[in-house]
Amino acid sequence: MTMSAADTAWMLVSTALVLLMTPALGFFYGGLVRAKNTLNTIMMSVAALGFVGVAWAVIGYSLAFDPGWPLVGSASRAFLRGVGLEAQGTIPHLLFMAYQATFAIITAALVSGAIVERMRFGPYLAFITAWSVVVYAPIAHWVWGGGWLASLGALDFAGGTVVHINAGAAALVAALVLGPRKDYGRQAILPHSVPFTVLGAGLLWFGWFGFNAGSALGASPSAALAFVNTLLAPAATLVVWTLMDLRRTGKVTAVGGATAIVVGLVAITPAAGFVGPMSGLVLGALAAFPSYYALLWRARTRLDDSLDVVAAHGLGGTVGALLTGVLAQKAWNGTADGALFGNPKQLAVQALAVVASIVYSAALTWGLMKAIGAVTALRAAAPDEGLGLDVSQHGEEAYARGEGAILIPADSVAGPVGAAITPVLQAGEGRP
Amino acid sequence: MTMSAADTAWMLVSTALVLLMTPALGFFYGGLVRAKNTLNTIMMSVAALGFVGVAWAVIGYSLAFDPGWPLVGSASRAFLRGVGLEAQGTIPHLLFMAYQATFAIITAALVSGAIVERMRFGPYLAFITAWSVVVYAPIAHWVWGGGWLASLGALDFAGGTVVHINAGAAALVAALVLGPRKDYGRQAILPHSVPFTVLGAGLLWFGWFGFNAGSALGASPSAALAFVNTLLAPAATLVVWTLMDLRRTGKVTAVGGATAIVVGLVAITPAAGFVGPMSGLVLGALAAFPSYYALLWRARTRLDDSLDVVAAHGLGGTVGALLTGVLAQKAWNGTADGALFGNPKQLAVQALAVVASIVYSAALTWGLMKAIGAVTALRAAAPDEGLGLDVSQHGEEAYARGEGAILIPADSVAGPVGAAITPVLQAGEGRP
Amino acid sequence: MTMSAADTAWMLVSTALVLLMTPALGFFYGGLVRAKNTLNTIMMSVAALGFVGVAWAVIGYSLAFDPGWPLVGSASRAFLRGVGLEAQGTIPHLLFMAYQATFAIITAALVSGAIVERMRFGPYLAFITAWSVVVYAPIAHWVWGGGWLASLGALDFAGGTVVHINAGAAALVAALVLGPRKDYGRQAILPHSVPFTVLGAGLLWFGWFGFNAGSALGASPSAALAFVNTLLAPAATLVVWTLMDLRRTGKVTAVGGATAIVVGLVAITPAAGFVGPMSGLVLGALAAFPSYYALLWRARTRLDDSLDVVAAHGLGGTVGALLTGVLAQKAWNGTADGALFGNPKQLAVQALAVVASIVYSAALTWGLMKAIGAVTALRAAAPDEGLGLDVSQHGEEAYARGEGAILIPADSVAGPVGAAITPVLQAGEGRP
Amino acid sequence: MKLVVAVVRPDKLSAVLEALFHEEVRGLTIGRVQGHGGETERVETYRGTTVKMDLSEKVRLEIGVSDHFVAPTVNAILASARTGTVGDGKIFVLPVEKVYRIRTAEEDQDAVTPVERAVRA
Amino acid sequence: MKLVVAVVRPDKLSAVLEALFHEEVRGLTIGRVQGHGGETERVETYRGTTVKMDLSEKVRLEIGVSDHFVAPTVNAILASARTGTVGDGKIFVLPVEKVYRIRTAEEDQDAVTPVERAVRA
Amino acid sequence: MKLVVAVVRPDKLSAVLEALFHEEVRGLTIGRVQGHGGETERVETYRGTTVKMDLSEKVRLEIGVSDHFVAPTVNAILASARTGTVGDGKIFVLPVEKVYRIRTAEEDQDAVTPVERAVRA
Ligand SMILES: Nc1ncnc2c1ncn2[C@@H]1O[C@H](COP(=O)(O)OP(=O)(O)O)[C@@H](O)[C@H]1O
Ligand SMILES: Nc1ncnc2c1ncn2[C@@H]1O[C@H](COP(=O)(O)OP(=O)(O)O)[C@@H](O)[C@H]1O
Ligand SMILES: Nc1ncnc2c1ncn2[C@@H]1O[C@H](COP(=O)(O)OP(=O)(O)O)[C@@H](O)[C@H]1O
C-alpha cells in the first residue's frame with residue numbers, strides 16, 4: 001500500500017489521544033484514593049509513560065509485532081532496528097510503532113488500580129516494565145501481530161482482550177498476591193477528590209476516540225464507525241447505570257457515572273469497528289449490568305482490587321469480547337458476522353480468546369509478582385502505609401501547605417562557580 | 001460529492017474535540033459553585049453525554065436533520081435508520097450524525113448553569129432529555145437542517161442561534177420558573193475552585209476549535225478561517241475584559257478572564273467562517289462590553305441565573321449573530337455579505353433568527369419545566385439545599401476526608417459463589 | 001505548492017494542541033506555587049493568550065515572518081495585511097499565522113515561571129506584550145523567517161533556541177531584575193497542588209505533539225519522525241530522572257517526574273525532525289543530567305528563578321540544540337548531518353545560534369524590564385506579597401469558602417429597565 | 001476574663017458575626033470543625049462502599065472577653081445562631097487566667113480592647 | 001461541667017468515636033489539627049528545596065461533659081486511642097463555668113443532655 | 001498545669017515554633033483558624049458579586065505546660081510572633097485540671113514531660 005497523508009494525519013492525532021489517556025487514568029485513579037496516596041497513585045500511571053515507553057522501543061514492539069512465531073514475535077526489531085519511515089499499511093512504520101506503544105503503556109498503568117495505597121514504588125516500576133514485555137507484548141502478538149488468535153479469526157478491534165481482559169486478570173492476581181490494604185474492610189476509605197475522577201473519565205473518553213477509531217489505522221469509514229460506537233455505547237451505559245442507581249438508592253453517584261463511562265468504553269473496545277451503531281448502543285446498555293453488580297459484590301469480599309480493575313476492565317472487556325462475537329455484522333465490517341447474524345462459531349472463538357488471555361496473563365503476572373517479591377518487599381511497611389505512600393515513597397505531599405515546614409539549609413554553594421555567581425545574584429536582589 | 005479521507009480525519013478530530021467540551025463545561029461550572037454542590041454541577045453536564053446522546057440517536061437527529069418540513073424534520077431516521085457509512089458531503093453520514101450529537105449534548109448542558117445548587121437531579125434528567133428533542137432539534141432543523149431560517153438565508157456558522165441564544169433563552173426561563181437559591185442575595189456565594197473554572201475555560205477553548213472550524217465539515221480553507229477567528233476573537237475579548245477590570249477595580253479577576261474567553265468564543269461562533277480575521281478581532285473586542293455590564297447588572301437583580309448563562313451565552317450569542325449580519329464578507333466566505341459590505345438585509349434576517357429562536361426556546365422551555373413540575377417537585381427541599389446537593393442528590397462528597405465515616409458492614413457475601421471464593425481471598429491476604 | 005487537505009487537517013489539530021499548552025503551562029506552574037498565588041500564576045499564562053495573541057496579529061507575525069531583513073521582518077504584514085486563505089506551503093496562509101501565534105504565546109508565558117508570587121499584574125501584561133514583539137518576533141525571524149541564522153543553516157526543528165533558550169535567558173534576567181521573593185531562602189515555599197503540576201505536564205506532553213510534529217507543517221513522514229521522538233525522548237528522560245531520584249534519596253518525586261517530562265520535551269524540540277528515534281531516546285536520557293543538577297544547585301543560590309525556567313527550558317533547550325548538532329542525520333531528515341555523522345561544523349552553527357539567542361534575549365529583556373520599572377513599580381508591595389497576589393492583584397481567592405464573607409449590597413438597580421424587570425423577577429421567585 | 005467558645009452552624013456564621021459586631025465584640029477567632037450531636041446522620045455510597053457520616057460541618061468561635069462582656073456576647077450568639085432544629089450547637093464559657101496582645105504585650109483587659117483606627121498599618 | 005480536650009491520631013478517630021458513643025457520650029466537636037511531640041520528623045523534597053516536617057496530622061476532640069462523666073470519657077479515650085508508640089496524643093480537662101444549648105438556651109447540665117429523638121427536625 | 005492558647009500570623013509560625021523549641025517546649029498542637037480583629041478587611045469580586053472579607057488567616061497554637069513553664073512559653077511567643085502591625089494576635093492562658101498522655105496514661109506533669117529518644121518507635 002502507499003502512504004496516505006490523511007491517514008497519517010489521523011494516526012498522528014490518535015496516537016496523541018491515546019497517550020493522553022495515561023495521565024487521564026492517573027487522575028481517574030488518583031481521585032479515588034485518599035489524599036495521602038494521591039501522588040503515588042498518579043505516578044503509577046505516569047511512570048508507565050517512561051518505563052513501558054522505553055521498554056517498548058527496546059524490545060516490546062519487536063516481540064509483539066515482528067511476525068516471529070504464533071506465540072510471540074522475535075527480537076529482530078529490538079531497538080527499533082528496521083523500523084523507519086517506510087509505509088506500514090498507509091502510514092509510516094514508526095508512527096504505527098508509536099501508536100502501539102501508547103497501548104502498551106496504558107495497559108500496564110491500568111493494572112495499578114488493583115494495588116494502590118500499599119505497593120512500594122521501586123518494585124512497582126520493575127513489575128510494570130517486565131510485565132509489558134512478558135505479558136502484554138505476547139498477547140498483543142497473538143491478536144494483532146499475526147499470532148495464533150489472529151489465525152483463528154478472533155475479533156478484537158481495539159483491545160478488549162489484549163488490553164482490558166489482560167489488565168483485569170493481572171489486576172486480580174496482583175491484588176491477591178499483595179493482599180488487602182491494612183485498613184481495608186475495617187475503616188471507610190473514601191475517594192478524596194471525585195472531581196479528579198470525573199476529569200479523568202472525561203479525558204479518557206476523549207482519548208478513547210483515538211484508541212478505538214485510531215485502531216482502524218486510517219481516516220476510513222471504519223474509523224467513523226468505531227468512533228460513533230465509542231460515542232453511543234458509553235452514553236447508553238451511563239444512562240442505564242444512572243437509572244440503576246436511581247432505582248437502588250435514589251441517588252445518582254458521580255463516581256458511578258465516571259465508572260459507567262469507563263465500563264461502556266471498555267465494553268465497546270473489542271467491538272467498535274465490527275458492530276453497527278444500534279448494536280453499539282445495545283452493547284453499551286447491556287455492559288452496565290455485570291459490572292454494576294460486580295462492583296457491589298467485590299466490596300463485600302476480602303479481595304482488595306482497590307479501584308475495581310476486575311469489575312470495570314476485566315468484566316467489561318469480557319462482556320464486550322463476547323458480545324462482539326454475537327453482534328458483529330459483516331454488512332458493517334466487511335470481515336465477519338457474529339452469532340446473531342448466523343455465525344455462532346465466532347462466539348466460540350471469542351470465548352477462547354478471552355480464556356486464553358486470562359490464563360496466560362494471570363499465570364505470568366503471578367510469576368512476576370512472586371519473582372520480584374523474592375528479591376525485595378513488595379509492600380510498604382505498615383507505618384509507611386499508615387503515613388501514606390506520598391510521603392513514604394515519594395517524599396512529597398500532594399497538597400502541602402508549608403505550615404511547620406522547616407527549610408533545611410543546603411550547604412553553601414561550593415566551588416568557584418558558586419563563589420563567582422553569588423555576589424552577582426545578591427546584587428540583583430534590590431528592588432527595581 | 002465523494003468521500004474525502006482528509007475531511008474525515010478532521011471531522012473525527014472535531015467531533016472528539018466538541019465532545020470534550022461537555023466535561024470541560026462541567027469543570028467551568030463546577031468551579032463556580034460552592035464545594036457542597038460541585039458534583040451535582042459537574043454531573044449536570046456529564047449526564048447530558050448519556051441522556052442527550054442516546055436521545056439524539058433515537059430521535060433527535062431525525063427531527064433535526066431529516067429534510068421533513070420547514071419547522072421540523074421527520075421521524076424517518078429515528079434509531080438512525082438509513083444512517084450509515086455512505087458519504088454525507090465528503091464524510092461518512094454516521095460521522096456527521098455524531099458531530100451533530102455533540103452539539104445537542106453541550107447545548108443542553110449549557111442550560112444547567114442557570115439552575116445549579118437547587119434542582120433535583122431526576123427532574124433535571126427528564127428536562128434535558130426532553131428539551132434536546134423538543135427544543136434543540138427543531139431549532140437546529142430551522143438553521144442547519146434545511147428549515148425555514150436556512151431558506152431565508154440566516155447565517156449561523158457554528159451555532160450562535162441554535163446553541164447559544166437557544167441555551168440562553170432556556171436558561172432565563174428555567175431560572176425564573178425554579179426561583180432563586182435560598183441564600184441568593186442574602187449570603188455570599190463564592191466559587192469554590194477558580195482553577196477548575198479556568199481549566200474548564202482552557203479546555204473549552206481547545207474544544208471550540210472543533211466546534212467552529214469543524215463546522216466547515218472538512219479540512220478546507222473555510223475551516224482555517226473559522227479556526228483563526230476562534231483564536232483571535234476570544235483573545236481580543238480577553239484583552240478588552242482585562243482592561244475594563246483594570247479600569248473599574250484595578251484588579252484583573254481570573255473568573256473574569258475565564259468568562260471573557262467564553263464570551264469571545266460564543267460571539268465568534270455564528271460568524272467564524274463568514275468574517276475576515278480582522279473583523280473577528282473587532283467582533284471579539286466589541287462582544288466584551290454588553291456581557292461585562294450584563295453580568296454586573298444581573299447580580300443586583302433577583303434573577304438567579306446562577307452562572308450567568310444569559311449574560312455569557314444569550315447575550316454573547318446575540319451580539320455575535322447580529323454582528324455576523326454586519327461583518328460578513330463574501331470575499332471571505334463566498335456566501336453572503338453583511339450590512340457593512342452593502343447588504344443590510346442580512347442584518348434583518350439575523351435579527352429575525354435571533355428573535356425566533358428566543359421566542360420558541362423560551363416558550364417551550366417554560367412549558368417543559370411546568371409540565372415536569374406538575375408531576376414531581378423541581379426543587380430540592382430547603383434542608384437538602386442547605387446540606388448541599390452533592391450529599392442530598394448524589395449521596396457523595398466531592399472532597400471526602402473519611403473522618404467520622406463509619407463503614408456500614410454489608411451483609412456477608414451470600415450464595416455459593418461468595419462462600420467458595422471467600423477462603424481463597426482470605427488466603428491471599430498474607431504478606432508476600 | 002498546492003494546498004493539501006490532509007496537511008491542513010493536521011495543522012488545524014496541531015495549532016489547537018499548541019494552544020492548549022498555554023493553559024496547561026498555567027496549571028504546571030500554578031500547582032508549584034503557594035495557594036495564595038495560584039490564580040495569579042495561572043493568569044500569567046492565560047493572559048498571554050489574549051495579549052500576545054492580539055499583538056501577534058497586529059504586528060508580531062509581520063516582524064517574524066515577513067522576509068524583511070536578516071535581523072527582523074518588516075511591518076508590511078501588520079494587521080495581517082495580505083494574509084489570507086492562499087497556500088503557504090501546503091496549508092492556508094492564515095493557518096500558518098495562527099500556528100506560529102501559539103508559539104509566540106507560550107514562549108511569553110514560559111518566562112512567567114521566573115517571576116511568580118511577586119510581580120504586579122499590570123506591568124506583567126505590558127512586559128509580555130512588548131516582549132513578544134521586540135524579543136520573540138526577531139529571534140523567530142532569525143531562525144524560521146529567513147533571517148541570518150536560517151542562512152547559516154542553524155537547525156531548530158520546533159523551537160529549541162527560538163522558544164526555550166530564549167525564554168530561559170529572559171527568565172534569568174527577569175528574575176535578577178525583580179529580585180527574590182521576600183520569603184525565598186528564609187521559609188519553605190512548597191507546591192500547593194502537585195496534582196495540578198502533573199496535570200499540566202500531561203497536557204503539555206499531549207500538546208507538544210502539535211508543537212513538534214506540527215513543525216513539519218504537514219502530515220508527512222517528517223511529522224511522524226518528530227512525533228516519535230517526542231514520545232521517546234521524554235520517556236527516556238523520565239526513566240533516567242526517576243533512577244537518579246531513587247539513587248539520591250530513595251524517593252521518586254512526582255514534581256521531579258513532571259519536571260523530567262518537560263525537560264525531555266524541551267530537549268527534543270530542536271532535534272525532533274532531525275534525528276533518528278534511537279538518537280532521540282539517547283538525547284532524552286542525556287538531557288536529564290544537566291537539568292537535574294542545575295535544579296539542585298539553583299535552589300541553594302539567591303537566584304529566585306522560582307519555577308526553574310532556566311534549568312528546565314534554558315538548559316534543556318541548550319542541550320537539545322547542541323545535541324541536534326551532534327546527532328542530526330541526513331538519512332532521517334534529508335537536510336543535514338551532525339557532528340557524529342561527519343559534519344562537526346553543524347555543532348558550531350548550533351552553538352552560535354544558542355549564544356546569539358541568549359545574548360539578544362537577555363539584553364532586550366533587561367532593557368524592557370528596566371523601562372517598565374522606570375514607569376511603574378514592578379513588584380507588589382511587601383504586605384501584598386505576604387497576603388498573596390491572588391487577593392492583592394486579582395481580588396479573588398483560588399479556593400474561597402465564603403465563611404466570613406459579607407455580601408456588599410449593590411445599590412438597588414437604577415433606571416427604568418431595572419424598575420420594570422424587578423417585579424417580574426420577584427414574581428418568579430415562588431416555588432414551582 | 002473569660003473565653004467564650006461557641007459551636008454554630010456554618011450557614012449561621014454571617015448572622016452571628018453581625019450580631020457580635022453589633023454588640024461591639026471586635027475580636028474573635030473561628031475555625032472549621034465537625035460536630036456530633038443529635039443531628040440525623042447521612043449515608044453516602046462510593047461504589048460498593050456504604051458509609052454513615054456521623055459528623056456535620058460546624059464553625060467554632062473563640063472569643064476572649066472581659067467579664068462584663070460575657071452576657072452580651074452569649075446572648076448575641078444565642079439569638080443569632082438559633083434555628084430551633086436539632087444541631088444548633090453549644091456555647092461554653094471558660095475561665096481565663098491571663099490574656100496578652102502580641103503586638104504590644106499589653107495584658108488582660110487592655111489586650112482585648114479594640115485598637116484605635118489611627119494606629120493601624 | 002468540664003471540657004475534655006483530646007488530641008488523637010486521625011486513624012484512631014473511628015475507634016475513639018465508637019468508644020465514646022458506647023459510653024453514652026452523645027455530643028462532641030472535632031477539628032483537624034497538626035501536632036508536634038516526640039514523633040519522628042519527615043523529610044520532603046521539592047526540586048532543590050528540602051524541608052523537615054515537624055508536624056503530624058492529628059484530630060482534636062472537644063467534649064463538654066458533666067463532672068461525673070469526666071472519668072468515663074477520659075477512660076474511653078485512653079483505651080481506644082492508644083497504640084503504644086510515640087505520638088498517641090494528650091488529653092486535657094478544663095474547667096467550664098457555663099454551658100448553653102443554642103437551640104433552647106438551656107443551661108449547664110441540661111445543655112449537654114442528649115435530646116429525645118422525638119423532637120428532631 | 002496551664003493551657004496556653006495563642007493565635008498568631010501564619011507567616012510567623014516558623015519563627016514561633018523555633019522560639020518555642022529553643023525554650024524546650026516539646027509538645028504542642030496547632031490548627032488553622034481565621035481571625036477578626038483590627039485588620040483591614042479585603043474586598044473581593046466574583047463576577048457581579050462583591051464581598052467584604054472580614055476574617056484573616058491565622059494559626060492557633062495550643063500548648064499544655066506546667067505552671068513554671070508558662071512565663072517562658074508566653075515570652076517566647078510574644079517575642080517571636082510580633083511584627084508590630086495590627087493583627088499580630090492574642091495569647092490566652094487557661095487553667096487545666098488534669099492532663100493525660102494517651103500512650104502511657106501518665107498524668108499531669110509526667111504527661112507533658114518529653115519522652116526519651118530511646119523509647120521511640
Ligand atoms: N457535649 C458537647 N461537647 C462539645 N460539642 C458539642 C456537645 N454537644 C453538642 N456539641 C456540638 O454542637 C453541635 C450540635 O449539637 P446537638 O446536640 O446536635 O444540637 P442541639 O444543641 O440543637 O440539641 C454538635 O454538632 C457538636 O458540634
Ligand atoms: N504539651 C502539649 N500541648 C499540646 N499538645 C500536645 C502537647 N504534647 C503533645 N501534644 C500533642 O500530642 C501529640 C503526640 O504527642 P507526643 O508527645 O509525641 O506523644 P506521646 O504522648 O505518645 O509521647 C502531638 O503531636 C501533639 O499534637
Ligand atoms: N477577643 C479575642 N478573642 C479571640 N481572638 C481574638 C480576640 N481579639 C483578637 N483575636 C485574634 O487575634 C487576631 C489579631 O487581633 P487584632 O486585635 O487585630 O490585633 P492586635 O492584637 O495586633 O491589635 C485576630 O485576627 C483574631 O484571630
# chains A, B, ... in the order shown; residues from 1 in each chain; ligands from 1
$ residues_near_ligand --ligand "ligand 2" --cutoff "6 Å" --atoms "only C-alpha atoms and all ligand atoms" --output "list in words"
Val7, Gln34, Gly35, His36, Gly37, Gly38, Glu39, Ser56, Val86, Gly87, Asp88, Gly89 and Lys90 of chain E; Gly27, Leu28, Thr29, Glu62, Ile63, Gly64, Val65, Arg101, Ile102, Arg103, Val112 and Val115 of chain F
$ select_by_dssp --residues "chain D" --states "alpha helix (DSSP H)" --output "ChimeraX atom specification"
/D:13-22,70-81,108-112
$ interface_residues --of "chain F" --to "chain B" --cutoff "7 Å" --atoms "only C-alpha atoms" --output "NGL selection string"
:F and (46-49 or 51)
$ closest_residue --among "E:Asp67, E:Glu44, E:Glu97, E:Asp54" --to "chain D" --atoms "only C-alpha atoms"
E:Glu97
$ residues_around --residues "B:Thr365" --least-positions-apart "2" --cutoff "10 Å" --atoms "only C-alpha atoms" --output "short mmCIF file (atom, residue, chain, number, x, y, z; two decimals) with N, CA and C atoms, in the first residue's frame"
data_model
loop_
_atom_site.label_atom_id
_atom_site.label_comp_id
_atom_site.auth_asym_id
_atom_site.auth_seq_id
_atom_site.Cartn_x
_atom_site.Cartn_y
_atom_site.Cartn_z
N PHE B 127 -35.77 16.75 32.15
CA PHE B 127 -35.83 18.03 31.45
C PHE B 127 -34.86 18.08 30.27
N ILE B 128 -33.59 17.79 30.51
CA ILE B 128 -32.65 17.96 29.39
C ILE B 128 -32.91 16.96 28.26
N ALA B 130 -35.84 15.68 27.31
CA ALA B 130 -36.98 16.18 26.53
C ALA B 130 -36.60 17.46 25.80
N TRP B 131 -35.86 18.31 26.48
CA TRP B 131 -35.51 19.60 25.89
C TRP B 131 -34.69 19.42 24.61
N VAL B 134 -37.41 18.40 21.94
CA VAL B 134 -38.47 19.33 21.51
C VAL B 134 -38.00 20.77 21.33
N VAL B 135 -36.88 21.13 21.90
CA VAL B 135 -36.39 22.50 21.68
C VAL B 135 -35.17 22.52 20.77
N ASN B 166 -30.29 30.01 22.02
CA ASN B 166 -31.23 28.99 22.45
C ASN B 166 -30.99 28.63 23.93
N ALA B 167 -29.75 28.30 24.26
CA ALA B 167 -29.45 27.93 25.64
C ALA B 167 -29.69 29.11 26.58
N ALA B 169 -31.85 31.60 26.26
CA ALA B 169 -33.28 31.83 26.48
C ALA B 169 -33.85 30.77 27.43
N ALA B 170 -33.46 29.53 27.19
CA ALA B 170 -33.94 28.45 28.06
C ALA B 170 -33.46 28.66 29.48
N ALA B 171 -32.23 29.13 29.63
CA ALA B 171 -31.67 29.36 30.96
C ALA B 171 -32.47 30.42 31.71
N LEU B 172 -32.80 31.47 31.00
CA LEU B 172 -33.56 32.56 31.62
C LEU B 172 -34.89 32.04 32.16
N VAL B 173 -35.58 31.31 31.32
CA VAL B 173 -36.88 30.80 31.72
C VAL B 173 -36.74 29.78 32.85
N ALA B 174 -35.78 28.89 32.72
CA ALA B 174 -35.61 27.86 33.75
C ALA B 174 -35.30 28.50 35.10
N VAL B 177 -38.58 30.06 36.45
CA VAL B 177 -39.55 29.07 36.93
C VAL B 177 -39.07 28.46 38.25
N VAL B 359 -37.92 33.26 21.19
CA VAL B 359 -39.34 33.06 21.49
C VAL B 359 -39.67 31.57 21.59
N TYR B 360 -39.22 30.82 20.60
CA TYR B 360 -39.53 29.40 20.60
C TYR B 360 -38.91 28.71 21.81
N SER B 361 -37.64 28.99 22.04
CA SER B 361 -36.93 28.32 23.12
C SER B 361 -37.54 28.68 24.47
N ALA B 362 -37.84 29.96 24.66
CA ALA B 362 -38.39 30.38 25.94
C ALA B 362 -39.75 29.74 26.18
N ALA B 363 -40.58 29.77 25.17
CA ALA B 363 -41.93 29.25 25.34
C ALA B 363 -41.92 27.76 25.65
N GLY B 367 -42.95 25.62 29.08
CA GLY B 367 -43.92 24.53 29.07
C GLY B 367 -43.33 23.25 29.66
N LEU B 368 -42.12 22.94 29.26
CA LEU B 368 -41.47 21.71 29.73
C LEU B 368 -41.26 21.73 31.24
N MET B 369 -40.73 22.84 31.73
CA MET B 369 -40.47 22.95 33.17
C MET B 369 -41.77 22.83 33.95
N LYS B 370 -42.79 23.50 33.47
CA LYS B 370 -44.08 23.44 34.16
C LYS B 370 -44.64 22.03 34.12
N ALA B 371 -44.50 21.38 32.98
CA ALA B 371 -45.03 20.02 32.85
C ALA B 371 -44.33 19.08 33.82
#
$ select_by_dssp --residues "chain D" --states "strand (DSSP E or B)" --output "PyMOL selection string"
chain D and resi 2-8+28-36+42-46+49-53+56-65+90-95+98-101+107
$ interface_residues --of "chain F" --to "chain D" --cutoff "12 Å" --atoms "only C-alpha atoms" --output "PyMOL selection string"
chain F and resi 1-9+12+16+30-40+52-60+67+70-71+74-97
$ closest_residue --among "B:Pro138, B:Gly325, B:Pro234, B:Gly60" --to "chain C" --atoms "only C-alpha atoms"
B:Pro234
$ interface_residues --of "chain A" --to "chain C" --cutoff "6 Å" --atoms "only C-alpha atoms" --output "number ranges by chain"
A: 5-6, 8-9, 16, 20, 23, 50-51, 85, 95, 393-395, 398-400, 402, 407, 425, 428-429
$ write_last_selection --atoms "N, CA, C and O atoms" --output "short mmCIF file (atom, residue, chain, number, x, y, z; two decimals), in the first residue's frame"
data_model
loop_
_atom_site.label_atom_id
_atom_site.label_comp_id
_atom_site.auth_asym_id
_atom_site.auth_seq_id
_atom_site.Cartn_x
_atom_site.Cartn_y
_atom_site.Cartn_z
N ALA A 5 -1.42 10.71 3.36
CA ALA A 5 -1.24 11.84 4.29
C ALA A 5 -2.44 11.97 5.21
O ALA A 5 -2.31 12.29 6.40
N ALA A 6 -3.63 11.69 4.68
CA ALA A 6 -4.82 11.82 5.51
C ALA A 6 -4.81 10.78 6.63
O ALA A 6 -5.10 11.08 7.79
N THR A 8 -2.17 9.39 7.79
CA THR A 8 -1.10 9.78 8.70
C THR A 8 -1.59 10.86 9.67
O THR A 8 -1.33 10.79 10.87
N ALA A 9 -2.31 11.83 9.14
CA ALA A 9 -2.83 12.89 9.99
C ALA A 9 -3.68 12.31 11.12
O ALA A 9 -3.50 12.63 12.30
N ALA A 16 -1.53 10.68 19.79
CA ALA A 16 -1.52 11.69 20.85
C ALA A 16 -2.69 11.50 21.81
O ALA A 16 -2.55 11.61 23.03
N LEU A 20 -2.58 10.65 25.88
CA LEU A 20 -3.23 11.46 26.92
C LEU A 20 -4.02 10.59 27.90
O LEU A 20 -4.22 10.97 29.06
N PRO A 23 -2.04 9.83 31.55
CA PRO A 23 -2.25 10.78 32.66
C PRO A 23 -3.73 10.87 33.06
O PRO A 23 -4.04 11.03 34.25
N GLY A 50 7.13 6.47 31.00
CA GLY A 50 8.58 6.39 30.86
C GLY A 50 9.04 4.95 30.69
O GLY A 50 9.59 4.57 29.65
N PHE A 51 8.77 4.14 31.70
CA PHE A 51 9.37 2.81 31.74
C PHE A 51 8.83 1.89 30.65
O PHE A 51 9.60 1.22 29.95
N LEU A 85 10.65 5.18 8.25
CA LEU A 85 9.55 6.00 7.75
C LEU A 85 8.86 5.38 6.54
O LEU A 85 7.98 5.99 5.94
N LEU A 95 5.35 5.50 13.03
CA LEU A 95 4.12 6.01 13.64
C LEU A 95 3.27 4.85 14.15
O LEU A 95 2.69 4.91 15.24
N GLN A 393 6.94 7.04 50.01
CA GLN A 393 7.60 6.59 48.79
C GLN A 393 8.14 7.72 47.93
O GLN A 393 9.05 7.54 47.14
N HIS A 394 7.51 8.89 48.05
CA HIS A 394 7.86 9.97 47.13
C HIS A 394 8.44 11.19 47.85
O HIS A 394 8.94 12.10 47.21
N GLY A 395 8.33 11.18 49.18
CA GLY A 395 8.89 12.31 49.92
C GLY A 395 8.21 13.63 49.61
O GLY A 395 8.83 14.68 49.59
N ALA A 398 0.77 15.80 48.29
CA ALA A 398 0.05 16.30 47.12
C ALA A 398 -0.38 17.74 47.33
O ALA A 398 -0.31 18.55 46.42
N TYR A 399 -0.83 18.03 48.54
CA TYR A 399 -1.36 19.36 48.82
C TYR A 399 -0.66 19.95 50.03
O TYR A 399 -1.25 20.06 51.11
N ALA A 400 0.59 20.28 49.87
CA ALA A 400 1.35 20.78 51.01
C ALA A 400 0.95 22.21 51.33
O ALA A 400 0.65 22.99 50.44
N GLY A 402 2.83 23.91 53.82
CA GLY A 402 4.05 24.60 54.23
C GLY A 402 4.07 25.02 55.68
O GLY A 402 5.07 25.51 56.16
N LEU A 407 12.84 24.74 56.49
CA LEU A 407 13.80 24.65 55.41
C LEU A 407 15.10 24.05 55.93
O LEU A 407 15.65 24.50 56.93
N LEU A 425 24.26 37.57 42.14
CA LEU A 425 22.88 37.31 42.49
C LEU A 425 22.44 38.22 43.61
O LEU A 425 21.35 38.75 43.62
N GLY A 428 21.58 41.66 42.54
CA GLY A 428 20.30 41.78 41.84
C GLY A 428 19.10 41.79 42.76
O GLY A 428 17.97 41.97 42.32
N GLU A 429 19.37 41.60 44.05
CA GLU A 429 18.28 41.40 44.97
C GLU A 429 17.46 42.66 45.26
O GLU A 429 16.31 42.59 45.67
#
$ atom_distance --atom1 "atom CA of C:Val309" --atom2 "atom CA of C:Ile165"
9.5 Å
$ atom_distance --atom1 "atom CA of B:Lys330" --atom2 "atom CA of B:Gly342"
10.5 Å
$ atom_distance --atom1 "atom CA of B:Lys36" --atom2 "atom 6 (C, counted along the ligand's line) of ligand 3"
28.9 Å
$ decode --residues "stretch 141-154 of chain A" --atoms "C-alpha atoms" --output "PDB file, in the first residue's frame"
ATOM      1  CA  HIS A 141       1.174 -10.606  19.189  1.00  0.00           C
ATOM      2  CA  TRP A 142      -1.470 -13.310  19.412  1.00  0.00           C
ATOM      3  CA  VAL A 143      -4.251 -10.968  18.370  1.00  0.00           C
ATOM      4  CA  TRP A 144      -2.691  -8.187  16.311  1.00  0.00           C
ATOM      5  CA  GLY A 145       0.795  -9.363  15.431  1.00  0.00           C
ATOM      6  CA  GLY A 146      -0.248 -12.297  13.328  1.00  0.00           C
ATOM      7  CA  GLY A 147      -0.262 -14.790  16.201  1.00  0.00           C
ATOM      8  CA  TRP A 148      -2.444 -17.806  16.812  1.00  0.00           C
ATOM      9  CA  LEU A 149      -5.618 -15.978  17.843  1.00  0.00           C
ATOM     10  CA  ALA A 150      -5.417 -13.842  14.722  1.00  0.00           C
ATOM     11  CA  SER A 151      -5.172 -17.042  12.664  1.00  0.00           C
ATOM     12  CA  LEU A 152      -8.271 -18.394  14.389  1.00  0.00           C
ATOM     13  CA  GLY A 153     -10.134 -15.236  13.422  1.00  0.00           C
ATOM     14  CA  ALA A 154     -10.633 -13.796  16.884  1.00  0.00           C
TER      15      ALA A 154
END
